[in-house]
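Participant: Quick one: the structure is below, questions incoming.
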Protein chains: 2
Amino acid sequence: MPYRRTENVTRKLVARHGAIMAAARALAAEGGLGSVQIAAVAERAGIASGTVYRYFPAKLDLIAALVAAQSAAEIAALDRAGNAAPGPLSALAAAIVSFAARALARRRLAFAMIAEPVEGELDAARSTYRTALAGAFERRIRAAQERGYLPDQDTGVAAAALVGALIEGLIGPLAQAQTDDPAKIRAQVQTLTLFGLRGLGVIDARARGLVVQTALPPPD
Amino acid sequence: MPYRRTENVTRKLVARHGAIMAAARALAAEGGLGSVQIAAVAERAGIASGTVYRYFPAKLDLIAALVAAQSAAEIAALDRAGNAAPGPLSALAAAIVSFAARALARRRLAFAMIAEPVEGELDAARSTYRTALAGAFERRIRAAQERGYLPDQDTGVAAAALVGALIEGLIGPLAQAQTDDPAKIRAQVQTLTLFGLRGLGVIDARARGLVVQTALPPPD
DNA sequence: CGCCGACCTGAATCACAATTCATTTTTACG
DNA sequence: CGTAAAAATGAATTGTGATTCAGGTCGGCG
């Protein structure tokens with residue numbers, strides 16, 4: 001048996017897988033999912049285009065992996081923020097603010113992941129993310145509702161509306177004119193958070209101090 | 001002068017232009033903008049693919065025309081609904097309900113027009129629609145705000161959030177599971193209208209009777 | 001050292017639609 | 001009818017990227 005996959009080789013393979021993902025992510029962050037082309041990814045990762053296919057059977061799988069990773073990271077952050085809050089309503093507010101602030105900090109990438117136009121098949125990969133995101137918010141909404149903090153409502157539709165309002169308000173084409181001025185960003189996040197909370201039925205979110213500290217730019 | 005473009009011929013040309021647009025529209029309604037392919041449009045319109053190019057210099061122009069027509073029709077309907085209302089807030093509510101009900105009645109087409117993923121260039125045509133739509137809502141919001149019916153807020157961001165909430169709640173991937181049951185549809189429209197009005201700062205939209213009659217399916 | 005198979009390479013191939021254009025058909029009118 | 005210009009046709013061309021694959025390279029091991 002003249003060949004055996006040693007630890008050393010395995011490490012190298014894993015590193016390459018990571019390099020491909022990182023290259024794809026970087027390209028998406030710069031030019032959107034449309035810029036994630038095999039040739040470009042390969043060049044960026046310092047390998048030949050054919051090599052990409054030794055790690056991902058097709059481009060679609062690469063994109064799917066990218067979206068899944070990003071999705072998991074965002075939802076984890078959002079859950080973390082919520083769990084650190086004292087009550088259901090402030091958990092909801094924290095989740096919203098967390099999502100909004102992170103999305104704004106990486107507008108292009110966030111847009112690519114969740115809203116940017118791409119051709120058919122590819123989109124299926126992303127709807128997973130939207131669904132997961134809405135699900136995460138829906139859990140919070142339901143929790144608050146059950147304890148009487150929110151009026152009765154269809155939590156599924158409400159969660160979708162919340163996600164839509166955040167996406168469109170933050171990263172959609174309509175918000176493209178925004179600057180990088182931190183004050184403006186903070187104001188935008190507050191406006192949206194307020195909109196979302198009010199929409200869900202929170203009576204006076206501002207007075208209740210739910211919309212206070214806009215989280216700082218995320219780590220990672 | 002052996003050839004002159006007669007009235008008769010002109011009529012035929014106009015009819016063809018219309019047939020092409022109609023074919024494109026039908027395809028978009030069935031399979032989304034991705035299905036709007038020159039060959040398919042031509043076949044549907046009963047002409048050869050090359051002929052399409054005698055009416056539209058490029059596919060992009062055809063799509064742009066399609067979106068523009070649809071956009072104008074939707075915004076006109078929305079304005080009409082608003083103008084028929086007695087006050088600013090009910091105008092806003094009427095506009096929202098109008099948009100929501102019409103979109104639900106033609107979910108696929110509405111989605112194609114405003115939210116469905118498509119490749120780059122093509123999307124530029126659509127952002128016009130989103131912008132126009134947000135603008136229409138923003139005018140209503142500002143009017144209500146000026147007369148003290150709504151709290152101070154960034155009307156641009158608020159309008160975008162409203163549009164986002166409606167789109168995502170109505171026709172986005174998250175809402176795909178909806179049935180055609182009229183009762184459910186009405187409930188969904190109400191939930192979203194309520195969400196939107198509350199989000200904008202209307203204190204008790206339901207009690208004020210703003211969210212009452214969900215408009216019947218549109219004509220056209 | 002030398003061999004083996006896993007790995008990598010990147011030019012060639014394939015797929016898919018938009019777009020072109022040489023030809024054919026239609027229309028108007030003397 | 002015959003002719004000229006406009007219109008229409010649809011097969012061929014083009015462009016863009018994904019995907020393949022016939023070699024070349026590399027790491028481990030006897």
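Each chain in the structure tokens gets a letter, A, B, ..., in the order shown, and its residues are numbered from 1; ligands are numbered from 1 in order too.
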Specify as a list in words all residues of chain D found within 8 Å of chain B, counting only C-alpha atoms (C1' of nucleotides).

Facilitator: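 Result: DT3, DA4, DA5, DA6, DA8, DT9 and DG10 of chain D.
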
Participant: Could those selected residues go to a file with N, CA and C atoms (P, O5', C5', C4', C3', O3' and C1' of nucleotides), as a tab-separated table (two decimals), in the first residue's frame?

Facilitator:
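Saved result, part_20.tsv, follows:
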```
chain	number	residue	atom	x	y	z
D	3	DT	P	-40.47	43.05	-62.49
D	3	DT	O5'	-40.28	44.18	-61.41
D	3	DT	C5'	-40.74	45.50	-61.68
D	3	DT	C4'	-40.72	46.30	-60.40
D	3	DT	C3'	-39.50	46.01	-59.52
D	3	DT	O3'	-38.92	47.25	-59.13
D	3	DT	C1'	-41.51	45.81	-58.26
D	4	DA	P	-37.42	47.25	-58.46
D	4	DA	O5'	-37.76	47.97	-57.10
D	4	DA	C5'	-38.52	49.19	-57.11
D	4	DA	C4'	-38.93	49.51	-55.68
D	4	DA	C3'	-37.78	49.32	-54.69
D	4	DA	O3'	-37.85	50.33	-53.70
D	4	DA	C1'	-39.58	47.90	-54.11
D	5	DA	P	-36.56	50.62	-52.78
D	5	DA	O5'	-37.20	50.57	-51.33
D	5	DA	C5'	-38.38	51.32	-51.07
D	5	DA	C4'	-39.11	50.66	-49.93
D	5	DA	C3'	-38.22	50.37	-48.72
D	5	DA	O3'	-38.82	50.91	-47.56
D	5	DA	C1'	-39.44	48.43	-49.35
D	6	DA	P	-38.12	50.74	-46.15
D	6	DA	O5'	-39.17	49.75	-45.48
D	6	DA	C5'	-40.55	50.08	-45.56
D	6	DA	C4'	-41.36	48.98	-44.92
D	6	DA	C3'	-40.91	48.62	-43.52
D	6	DA	O3'	-42.08	48.33	-42.78
D	6	DA	C1'	-40.74	46.72	-44.90
D	8	DA	P	-43.20	42.26	-38.49
D	8	DA	O5'	-42.67	40.91	-39.12
D	8	DA	C5'	-43.48	40.23	-40.05
D	8	DA	C4'	-42.88	38.88	-40.38
D	8	DA	C3'	-42.46	38.07	-39.15
D	8	DA	O3'	-42.96	36.75	-39.30
D	8	DA	C1'	-40.63	38.30	-40.64
D	9	DT	P	-42.66	35.67	-38.16
D	9	DT	O5'	-41.46	34.87	-38.79
D	9	DT	C5'	-41.57	34.41	-40.14
D	9	DT	C4'	-40.30	33.71	-40.55
D	9	DT	C3'	-39.74	32.77	-39.47
D	9	DT	O3'	-39.70	31.46	-40.00
D	9	DT	C1'	-38.03	34.15	-40.41
D	10	DG	P	-39.95	30.21	-39.03
D	10	DG	O5'	-38.46	29.75	-38.79
D	10	DG	C5'	-37.64	29.46	-39.92
D	10	DG	C4'	-36.19	29.36	-39.48
D	10	DG	C3'	-35.99	28.67	-38.12
D	10	DG	O3'	-34.74	28.00	-38.13
D	10	DG	C1'	-35.10	30.79	-38.00
```

Participant: Tell me the residues of chain C close to chain B, meaning within 10 Å using only C-alpha atoms (C1' of nucleotides), as an MDAnalysis selection string.

Facilitator: chainID C and resid 17:21 27:30

Participant: Excluding Gly82 in chain B and residues on its chain fewer than 5 positions from it, collect all residues at most 9 Å away from it, counting only C-alpha atoms (C1' of nucleotides), and give them as a list in words.

Facilitator: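 Answer for this query is Ala77, Gly87, Pro88, Ser90, Ala91, Leu92, Ala93, Ala94, Ala95, Ile96, Ser98 and Arg140 of chain B.
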
Participant: Between CA of Gly199 in chain B and CA of Pro182 in chain B, what is the distance in Å, rounded to a tenth?

Facilitator: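 Separating CA of Gly199 in chain B from CA of Pro182 in chain B is a distance of 25.4 Å.
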
Participant: One decimal, Å: what's the distance from CA of Ala15 in chain B over to CA of Ser71 in chain B, could you say?

Facilitator: 21.4 Å

Participant: Work out how far CA of Ala136 in chain B is from CA of Gly169 in chain B, in Å to one decimal.

Facilitator: 19.0 Å

Participant: Taking 4 positions as the minimum chain separation for residues in the same chain, which residues sit within 7 Å of Leu166 in chain B when counting only C-alpha atoms (C1' of nucleotides)? Answer as a list of chain:residue names.

Facilitator: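 Here the qualifying residues turn out to be A:Ala161, B:Ala100, B:Leu162, B:Leu170, B:Leu192.
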
Participant: Give me the residues near Ala72 in chain A as a list of chain:residue names, where near means some atom within 10 Å (using only C-alpha atoms (C1' of nucleotides)) and where sequence neighbours in that chain fewer than 6 positions away do not count.

Facilitator: A:Leu78, A:Tyr129, A:Ala132, A:Leu133

Participant: For each of B:Phe99, B:Phe195, B:Tyr149, B:Phe137, take the minimum atom-to-atom distance to chain A, counting only C-alpha atoms, then give the residue where this is smallest.

Facilitator: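 Under the stated criterion, the closest residue is B:Phe195.
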
Participant: Env of DC14 in chain C: 12 Å cut, atoms = only C-alpha atoms (C1' of nucleotides), seq-sep filter 5 positions within chain, self excluded. Answer as a list in words.

Facilitator: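 The residues that qualify are DG17, DA18, DT19 and DT20 of chain D.
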